[in-house]
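start-v5.cif, holding mmCIF, C-alpha atoms:
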data_upload
#
loop_
_atom_site.label_atom_id
_atom_site.label_comp_id
_atom_site.auth_asym_id
_atom_site.auth_seq_id
_atom_site.Cartn_x
_atom_site.Cartn_y
_atom_site.Cartn_z
CA MET A 1 65.33 102.99 -14.34
CA LEU A 2 64.78 99.99 -16.69
CA ARG A 3 68.52 99.51 -17.12
CA ASP A 4 68.99 99.23 -13.36
CA GLU A 5 66.18 96.69 -13.15
CA LEU A 6 67.69 94.60 -15.95
CA ASP A 7 71.15 94.69 -14.36
CA GLU A 8 69.70 93.58 -11.00
CA LEU A 9 67.78 90.76 -12.69
CA LYS A 10 70.93 89.60 -14.49
CA ARG A 11 72.97 89.67 -11.27
CA LYS A 12 70.32 87.65 -9.44
CA PHE A 13 70.17 85.15 -12.30
CA ILE A 14 73.95 84.63 -12.33
CA ASN A 15 74.03 84.08 -8.55
CA GLU A 16 71.31 81.44 -8.82
CA LEU A 17 73.02 79.85 -11.81
CA LYS A 18 76.18 79.34 -9.78
CA GLN A 19 74.22 77.19 -7.31
CA ILE A 20 72.97 74.79 -10.00
CA SER A 21 74.51 71.29 -10.07
CA ASP A 22 72.07 69.09 -12.01
CA SER A 23 69.84 69.20 -15.08
CA GLU A 24 66.58 69.21 -13.12
CA ALA A 25 67.51 72.36 -11.17
CA LEU A 26 68.75 74.02 -14.37
CA GLU A 27 65.40 73.41 -16.08
CA ALA A 28 63.59 74.89 -13.08
CA LEU A 29 65.76 78.03 -13.36
CA ARG A 30 65.04 78.29 -17.08
CA ILE A 31 61.30 78.21 -16.41
CA LYS A 32 61.62 80.78 -13.60
CA TYR A 33 63.22 83.36 -15.90
CA MET A 34 62.31 82.35 -19.47
CA GLY A 35 59.01 80.49 -19.10
CA LYS A 36 55.57 81.80 -20.08
CA LYS A 37 55.27 83.41 -16.66
CA GLY A 38 59.00 83.94 -16.17
CA LEU A 39 60.57 87.16 -14.90
CA VAL A 40 62.03 88.19 -18.28
CA THR A 41 58.79 87.30 -20.08
CA LEU A 42 56.81 89.51 -17.68
CA LEU A 43 59.11 92.44 -18.52
CA LEU A 44 58.36 92.00 -22.21
CA LYS A 45 54.64 91.86 -21.51
CA GLY A 46 54.94 95.09 -19.52
CA MET A 47 56.24 97.06 -22.50
CA GLY A 48 52.68 98.18 -23.23
CA ASP A 49 52.67 100.38 -20.12
CA LEU A 50 55.61 102.50 -21.34
CA PRO A 51 55.26 105.65 -23.44
CA PRO A 52 55.35 104.86 -27.16
CA GLU A 53 58.68 106.64 -27.68
CA GLU A 54 60.40 104.48 -25.01
CA ARG A 55 59.12 101.11 -26.15
CA PRO A 56 61.67 100.37 -28.95
CA ALA A 57 64.72 100.97 -26.75
CA ALA A 58 63.18 99.12 -23.79
CA GLY A 59 62.18 96.15 -25.94
CA GLN A 60 65.66 95.97 -27.42
CA ALA A 61 67.22 96.01 -23.94
CA VAL A 62 64.93 93.26 -22.57
CA ASN A 63 65.43 91.06 -25.65
CA GLY A 64 69.17 91.53 -25.31
CA LEU A 65 68.99 90.36 -21.70
CA LYS A 66 66.85 87.38 -22.75
CA GLU A 67 69.41 86.28 -25.37
CA GLU A 68 72.26 86.70 -22.89
CA LEU A 69 70.51 84.60 -20.22
CA ALA A 70 69.63 81.95 -22.80
CA ALA A 71 73.29 81.69 -23.82
CA LEU A 72 74.34 81.30 -20.19
CA LEU A 73 71.74 78.57 -19.69
CA ASP A 74 72.90 76.68 -22.79
CA ASN A 75 76.55 76.85 -21.70
CA GLU A 76 75.66 75.60 -18.24
CA GLU A 77 73.54 72.81 -19.67
CA ARG A 78 76.46 71.54 -21.74
CA ARG A 79 78.73 71.68 -18.69
CA ILE A 80 76.27 69.78 -16.47
CA LYS A 81 75.63 67.07 -19.09
CA ALA A 82 79.36 66.57 -19.57
CA ALA A 83 79.84 66.26 -15.79
CA GLU A 84 76.95 63.80 -15.48
CA ARG A 85 78.31 61.71 -18.36
CA GLN A 86 81.73 61.63 -16.74
CA ARG A 87 80.28 60.53 -13.40
CA ARG A 88 78.32 57.80 -15.16
CA LEU A 89 81.39 56.57 -17.02
CA GLU A 90 83.41 56.46 -13.81
CA ALA A 91 80.65 54.51 -12.06
CA GLU A 92 80.47 52.03 -14.95
CA THR A 93 84.19 51.42 -15.17
CA ILE A 94 84.98 47.72 -15.58
CA ASP A 95 87.67 46.33 -13.34
CA VAL A 96 89.48 43.98 -15.73
CA THR A 97 91.38 42.42 -12.83
CA MET A 98 88.19 40.94 -11.31
CA PRO A 99 87.41 37.27 -12.06
CA GLY A 100 84.75 36.77 -14.70
CA LYS A 101 81.24 35.44 -14.07
CA ARG A 102 80.15 32.49 -16.17
CA PRO A 103 76.62 33.13 -17.50
CA VAL A 104 74.04 30.57 -16.41
CA ILE A 105 72.54 28.83 -19.44
CA GLY A 106 69.18 27.21 -18.87
CA LYS A 107 68.30 23.67 -19.90
CA ARG A 108 65.13 21.98 -21.06
CA HIS A 109 62.96 20.78 -18.17
CA PRO A 110 62.88 16.98 -17.74
CA LEU A 111 59.10 17.03 -18.30
CA SER A 112 59.64 18.82 -21.61
CA ILE A 113 62.37 16.35 -22.60
CA VAL A 114 60.12 13.33 -22.04
CA ARG A 115 57.10 15.03 -23.59
CA ARG A 116 59.00 15.77 -26.80
CA GLN A 117 60.39 12.25 -26.94
CA ILE A 118 56.89 10.79 -26.65
CA GLU A 119 55.47 13.26 -29.16
CA ASP A 120 58.18 12.26 -31.65
CA ILE A 121 57.32 8.58 -31.15
CA PHE A 122 53.63 9.06 -31.90
CA ILE A 123 54.20 11.56 -34.72
CA GLY A 124 56.36 8.86 -36.29
CA MET A 125 53.28 6.59 -36.20
CA GLY A 126 51.14 9.18 -37.98
CA PHE A 127 49.52 10.91 -34.99
CA GLU A 128 48.87 14.66 -34.85
CA ILE A 129 49.11 16.86 -31.75
CA ALA A 130 45.84 18.43 -30.57
CA ASP A 131 45.29 21.05 -27.87
CA GLY A 132 42.35 22.38 -25.87
CA PRO A 133 41.45 24.70 -22.97
CA GLU A 134 42.54 23.94 -19.42
CA VAL A 135 39.41 25.69 -18.08
CA GLU A 136 36.70 23.41 -19.37
CA TYR A 137 32.95 22.92 -19.36
CA ASP A 138 31.58 20.13 -17.17
CA TYR A 139 30.01 18.68 -20.31
CA TYR A 140 33.36 18.11 -22.06
CA ASN A 141 35.22 17.04 -18.94
CA PHE A 142 32.60 14.59 -17.68
CA GLU A 143 29.23 14.18 -19.38
CA ALA A 144 30.44 13.72 -22.96
CA LEU A 145 32.84 11.08 -21.63
CA ASN A 146 29.98 8.93 -20.33
CA ILE A 147 30.31 10.33 -16.79
CA PRO A 148 26.93 11.85 -15.81
CA LYS A 149 26.58 14.11 -12.77
CA ASP A 150 25.64 11.28 -10.39
CA HIS A 151 28.36 8.89 -11.62
CA PRO A 152 30.56 7.52 -8.77
CA SER A 153 33.75 7.84 -10.83
CA ARG A 154 33.55 11.62 -10.40
CA ASP A 155 34.68 11.08 -6.82
CA LEU A 156 37.97 9.76 -8.16
CA GLN A 157 38.49 12.92 -10.21
CA ASP A 158 37.56 15.59 -7.67
CA THR A 159 38.52 18.84 -9.34
CA PHE A 160 38.45 22.60 -8.90
CA TYR A 161 35.08 24.10 -9.80
CA ILE A 162 34.92 27.70 -11.04
CA THR A 163 31.14 27.52 -11.36
CA ASP A 164 28.72 24.58 -11.28
CA ASN A 165 29.31 24.21 -15.01
CA ILE A 166 32.98 25.18 -15.42
CA VAL A 167 35.96 23.26 -14.02
CA LEU A 168 39.70 22.98 -14.32
CA ARG A 169 40.01 19.89 -16.50
CA THR A 170 40.91 16.65 -14.72
CA GLN A 171 42.28 15.00 -17.85
CA THR A 172 43.04 15.89 -21.46
CA SER A 173 40.14 13.68 -22.63
CA PRO A 174 37.99 16.79 -23.36
CA VAL A 175 40.39 17.48 -26.23
CA GLN A 176 39.34 14.13 -27.74
CA ILE A 177 35.66 15.14 -27.56
CA ARG A 178 36.32 18.51 -29.18
CA VAL A 179 38.33 16.90 -31.99
CA MET A 180 35.64 14.28 -32.66
CA GLU A 181 32.99 17.01 -32.74
CA SER A 182 34.87 19.04 -35.33
CA HIS A 183 36.55 16.32 -37.43
CA LYS A 184 35.20 13.30 -39.21
CA PRO A 185 37.07 9.97 -38.98
CA PRO A 186 39.73 8.87 -39.61
CA ILE A 187 41.13 10.55 -36.46
CA ARG A 188 44.57 9.91 -35.00
CA ILE A 189 45.68 12.41 -32.33
CA ILE A 190 47.61 12.79 -29.10
CA ALA A 191 46.63 15.48 -26.56
CA PRO A 192 49.37 16.53 -24.10
CA GLY A 193 48.84 19.17 -21.42
CA ARG A 194 48.35 20.24 -17.81
CA VAL A 195 45.46 18.84 -15.77
CA TYR A 196 44.14 19.54 -12.28
CA ARG A 197 42.73 17.49 -9.42
CA SER A 198 42.10 18.32 -5.78
CA ASP A 199 45.04 16.32 -4.39
CA GLU A 200 47.30 17.01 -1.42
CA VAL A 201 50.91 17.77 -2.32
CA ASP A 202 53.30 14.94 -1.46
CA ALA A 203 56.03 12.89 -3.08
CA THR A 204 53.65 11.24 -5.56
CA HIS A 205 50.68 13.64 -5.82
CA SER A 206 50.12 17.22 -6.92
CA PRO A 207 47.03 19.32 -7.70
CA ILE A 208 48.73 20.15 -11.01
CA PHE A 209 50.25 17.45 -13.19
CA HIS A 210 50.63 16.52 -16.86
CA GLN A 211 48.99 13.97 -19.09
CA MET A 212 49.17 12.81 -22.66
CA GLU A 213 46.18 11.04 -24.15
CA GLY A 214 45.79 9.40 -27.51
CA LEU A 215 42.79 8.67 -29.72
CA VAL A 216 42.29 6.71 -32.91
CA VAL A 217 38.88 6.40 -34.63
CA ASP A 218 38.39 4.70 -38.00
CA HIS A 219 36.78 1.72 -39.68
CA GLY A 220 37.66 -1.63 -38.11
CA ILE A 221 39.87 -0.46 -35.24
CA THR A 222 40.43 -3.29 -32.74
CA MET A 223 42.07 -3.99 -29.40
CA GLY A 224 44.89 -5.55 -31.38
CA ASP A 225 45.62 -2.18 -32.99
CA LEU A 226 45.76 -0.60 -29.53
CA LYS A 227 48.21 -3.21 -28.27
CA GLY A 228 50.38 -2.84 -31.37
CA VAL A 229 50.60 0.95 -30.99
CA LEU A 230 51.46 0.72 -27.28
CA ASP A 231 54.07 -1.97 -27.94
CA VAL A 232 55.81 0.30 -30.45
CA PHE A 233 55.60 3.20 -27.98
CA ALA A 234 57.03 1.20 -25.06
CA LYS A 235 59.93 -0.20 -27.11
CA ALA A 236 60.80 3.24 -28.50
CA LEU A 237 60.80 4.81 -25.03
CA TYR A 238 62.36 2.06 -22.90
CA GLY A 239 64.21 -0.22 -25.32
CA GLU A 240 63.57 -3.01 -27.79
CA ASP A 241 63.43 -5.70 -25.09
CA THR A 242 60.45 -4.00 -23.40
CA ARG A 243 57.20 -5.96 -23.21
CA THR A 244 53.68 -4.78 -22.39
CA LYS A 245 50.96 -6.42 -20.32
CA PHE A 246 47.26 -5.54 -20.27
CA ARG A 247 45.25 -5.98 -17.04
CA PRO A 248 41.43 -5.66 -17.05
CA HIS A 249 40.22 -2.41 -15.53
CA TYR A 250 37.27 -0.02 -15.62
CA PHE A 251 37.03 3.43 -17.22
CA PRO A 252 33.59 4.93 -17.97
CA PHE A 253 34.70 6.19 -21.40
CA THR A 254 36.23 2.93 -22.73
CA GLU A 255 34.91 -0.62 -22.99
CA PRO A 256 36.74 -2.93 -22.67
CA SER A 257 39.34 -1.10 -20.56
CA ALA A 258 42.80 -2.04 -19.33
CA GLU A 259 45.70 -0.89 -17.22
CA VAL A 260 48.95 -1.26 -19.16
CA ASP A 261 52.22 -2.38 -17.56
CA VAL A 262 55.68 -2.45 -19.11
CA THR A 263 58.69 -4.48 -18.08
CA CYS A 264 60.80 -2.60 -15.56
CA ALA A 265 63.47 -0.52 -17.33
CA TRP A 266 65.94 -1.04 -14.46
CA CYS A 267 65.80 -4.79 -13.92
CA HIS A 268 64.39 -5.76 -17.34
CA GLY A 269 61.66 -7.87 -15.76
CA GLN A 270 63.84 -9.65 -13.20
CA GLY A 271 62.37 -7.81 -10.19
CA CYS A 272 63.88 -4.95 -8.19
CA ARG A 273 63.05 -2.29 -5.59
CA ILE A 274 61.73 0.12 -8.25
CA CYS A 275 59.07 -2.29 -9.54
CA GLY A 276 58.31 -3.85 -6.16
CA TYR A 277 60.11 -7.01 -7.30
CA SER A 278 57.29 -7.78 -9.75
CA GLY A 279 59.25 -7.06 -12.92
CA TRP A 280 56.42 -4.79 -14.17
CA ILE A 281 55.58 -1.08 -13.86
CA GLU A 282 52.15 0.40 -14.54
CA VAL A 283 52.44 3.29 -17.02
CA LEU A 284 49.03 4.04 -18.55
CA GLY A 285 45.35 3.23 -18.95
CA ALA A 286 43.70 2.36 -22.26
CA GLY A 287 40.70 0.78 -23.93
CA MET A 288 38.25 0.81 -26.81
CA VAL A 289 36.21 4.02 -27.05
CA HIS A 290 32.80 3.47 -25.46
CA PRO A 291 29.90 3.48 -27.99
CA ASN A 292 28.10 6.10 -25.86
CA VAL A 293 31.04 8.49 -26.31
CA LEU A 294 30.94 8.02 -30.09
CA ARG A 295 27.18 8.61 -30.20
CA THR A 296 27.56 11.80 -28.13
CA VAL A 297 29.85 13.36 -30.74
CA GLY A 298 27.73 12.18 -33.69
CA ILE A 299 29.85 9.21 -34.80
CA ASN A 300 28.00 6.00 -35.57
CA PRO A 301 29.51 3.19 -33.40
CA ASP A 302 28.09 0.61 -35.81
CA GLU A 303 30.26 2.06 -38.57
CA TYR A 304 33.34 3.26 -36.67
CA SER A 305 35.36 2.07 -33.70
CA GLY A 306 38.34 3.48 -31.90
CA PHE A 307 40.76 3.19 -29.04
CA ALA A 308 42.04 5.70 -26.49
CA PHE A 309 44.86 5.73 -23.97
CA GLY A 310 46.19 8.10 -21.34
CA LEU A 311 49.54 8.31 -19.59
CA GLY A 312 50.94 10.52 -16.84
CA LEU A 313 53.94 12.47 -18.11
CA ASP A 314 55.10 13.23 -14.57
CA ARG A 315 55.12 9.53 -13.66
CA LEU A 316 56.93 8.52 -16.84
CA THR A 317 59.51 11.25 -16.26
CA MET A 318 60.09 10.11 -12.69
CA LEU A 319 60.45 6.49 -13.86
CA LYS A 320 62.78 7.40 -16.71
CA TYR A 321 65.19 9.40 -14.56
CA GLY A 322 64.76 7.65 -11.21
CA ILE A 323 63.18 10.71 -9.51
CA ASP A 324 61.60 9.75 -6.18
CA ASP A 325 59.74 12.98 -5.34
CA MET A 326 57.25 14.61 -7.71
CA ARG A 327 57.71 18.00 -6.02
CA LEU A 328 61.18 18.30 -7.53
CA LEU A 329 59.56 18.75 -10.96
CA PHE A 330 57.77 21.93 -9.83
CA GLU A 331 60.20 23.66 -7.45
CA ASN A 332 62.49 25.12 -10.16
CA ASP A 333 65.61 24.32 -8.14
CA TYR A 334 68.51 24.82 -10.55
CA ARG A 335 70.66 22.31 -8.65
CA PHE A 336 68.11 19.67 -9.64
CA LEU A 337 67.29 20.88 -13.16
CA LYS A 338 70.91 21.27 -14.31
CA GLN A 339 71.32 17.47 -14.16
CA PHE A 340 69.20 17.00 -17.30
#

As structure tokens, what does this structure read like?
Amino acid sequence: MLRDELDELKRKFINELKQISDSEALEALRIKYMGKKGLVTLLLKGMGDLPPEERPAAGQAVNGLKEELAALLDNEERRIKAAERQRRLEAETIDVTMPGKRPVIGKRHPLSIVRRQIEDIFIGMGFEIADGPEVEYDYYNFEALNIPKDHPSRDLQDTFYITDNIVLRTQTSPVQIRVMESHKPPIRIIAPGRVYRSDEVDATHSPIFHQMEGLVVDHGITMGDLKGVLDVFAKALYGEDTRTKFRPHYFPFTEPSAEVDVTCAWCHGQGCRICGYSGWIEVLGAGMVHPNVLRTVGINPDEYSGFAFGLGLDRLTMLKYGIDDMRLLFENDYRFLKQF
């Protein structure tokens, strides 16, 4: 009786095994017959219902069937894996007669090129690079820079507010405040990074752009020191024949303040379409650090003085390479970027 049942189970197993074509179906068959609740396992668990004298022979027969089915499963598994490997190799065959594909190698973004050039210039003059958060407190972005909540200059720097007290920074000047709070003079830093203002996107404006600001605080710092540093910077970036010109301006965090022009790099001051035939191009704003800013960070303005400047990296990049649309810097079009 048991022998007939085992033979029928083996025949059924072999018929099902012949239908298997992949590893997933083979594993399902293994569980069906050899798993914890499999058909062969249930036979072994049923040995307890047989008379004691029949159990040894029955157990030996069922175990023999189990080993035989396991061997068949292992053989089939090796066959299926070999077939799958062969199919995979055939699908991955390389046609050596096809033309090759040249890998695309990326290049440094023009903004990164100009930023590194400017960083190298100022590092050569003894400046250090400082960094700070792009999501900033209103205090660091405005109030500590002598721009109280009702100050009209805030209208010129309309930004993105996360809460009433947290903004996306409109300038990298907050980095200057954080450095002055945590370091005693002498201080000599540049602060490059992304900034945000609520501008419409067009050829010359973007809600995201890049700045680099500089700060020097020490004993006896004068406007002459500021002009000397910016002269060296302009000559290193645009050429030894470059001159700078200061025009009076207003910034709430510097006094006196100035807009700084350089001689046009294309016409060398003769006048052309790029500079509006004036011979000059505005590149940055600068001035002496306002005494109120120094007092806010705990530096005595009667003992120390300093200067600060800020330039737009996007504008300098566009001027350096003759780019006429700011959007090109952010669109990641490889046809444009591969030129640099």

Quiz prompt | Pick from A:Pro192, A:Val175, A:Phe307, A:Tyr33 nearest to Val114 (chain A), counting only C-alpha atoms | solution =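 The shortest atom-to-atom distance to Val114 (chain A) comes from A:Pro192.
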
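Each of A:Thr93, A:Asn300, A:Thr242, A:Ser257 was compared to Lys184 (chain A) using all atoms listed in the file, and A:Asn300 turns out to be the nearest.
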
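In terms of minimum interatomic distance to Leu111 (chain A), A:Gly312 ranks closest within A:Gly220, A:Gly239, A:Gly312, A:Pro185, counting all atoms listed in the file.
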
Exercise. Report the residues retrieved by the PyMOL selection byres ((chain A and resi 3) around 12) from the displayed file, expressed as a list in words.
Key: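 This file, filtered by the PyMOL selection byres ((chain A and resi 3) around 12), leaves Met1, Leu2, Asp4, Glu5, Leu6, Asp7, Glu8, Leu9, Lys10, Leu43, Ala57, Ala58, Gly59, Gln60, Ala61, Val62, Gly64 and Leu65 of chain A.
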
Exercise. Mind giving me the straight-line distance from CA of Gly279 (chain A) to CA of Cys264 (chain A) in Å, one decimal?
Key: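 Computing the Euclidean distance for CA of Gly279 (chain A) and CA of Cys264 (chain A) yields 5.4 Å.
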
Self-check item: Matched chain/residue IDs from the PyMOL selection byres ((chain A and resi 210) around 8), as a VMD selection string
Solution: chain A and resid 192 to 195 208 to 209 211 to 212 312 to 314

Practice problem: Could you state which residues are captured by the PyMOL selection byres ((chain A and resi 295) around 12) in this file, as a PyMOL selection string? | Solution: chain A and resi 144-146+177+180-181+253+289-294+296-305

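Of the residues listed (A:Asp324, A:Glu240, A:Glu255, A:Asp74), A:Glu255 shows the shortest atom-to-atom separation from Met223 (chain A); distances use only C-alpha atoms.
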
Quiz item: If we count all atoms listed in the file, what is near Val283 (chain A) at a cut-off of 12 Å, once residues fewer than 5 positions away on the same chain are taken out, given as JSON, numbers by chain?
Solution: {"A": [211, 212, 230, 233, 234, 237, 238, 244, 245, 246, 247, 258, 259, 260, 261, 262, 263, 264, 265, 275, 309, 310, 311, 312, 313, 314, 315, 316, 317, 318, 319, 320]}

Self-check item: A:Ile129, A:Leu73, A:Pro148, A:Leu17 ranked by distance to Arg115 (chain A), top pick (using all atoms listed in the file)
Solution: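 Counting all atoms listed in the file, the residue closest to Arg115 (chain A) is A:Ile129.
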
Quiz item: Taking (53.6, 10.2, -33.1) in the file's coordinates as the center, which residues reach within 12 Å of it, counting all atoms listed in the file, put as a ChimeraX atom specification?
Solution: /A:115-130,188-192,212-216,229-230,232-233,236

Quiz prompt | Selected residue, from A:His109, A:Lys45, A:Lys12, A:Arg79, that lies nearest to Lys32 (chain A) when counting only C-alpha atoms | solution =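 Checking each of A:His109, A:Lys45, A:Lys12, A:Arg79 against Lys32 (chain A), counting only C-alpha atoms, the winner is A:Lys12.
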
Practice problem: Could you give me, as a PyMOL selection string, the residues within 12 Å of region 24-30 of chain A, counting all atoms listed in the file and dropping anything in the same chain fewer than 2 positions from it? | Solution: chain A and resi 12-22+32-41+66+69-81+84

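Atom pair CA of Glu143 (chain A) / CA of Tyr161 (chain A) has a distance of 15.0 Å (rounded to one decimal).
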
Self-check item: One-decimal distance in Å that lies between CA of Asp241 (chain A) and CA of Ile323 (chain A)
Solution: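 Between CA of Ile323 (chain A) and CA of Asp241 (chain A) the gap is 22.6 Å.
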
Exercise. Pick out the residues sitting within 10 Å of Asp202 (chain A), and hand them over as a PyMOL selection string; count all atoms listed in the file, and ignore anything fewer than 3 positions along from it in its own chain.
Key: chain A and resi 199+205-207+325-327
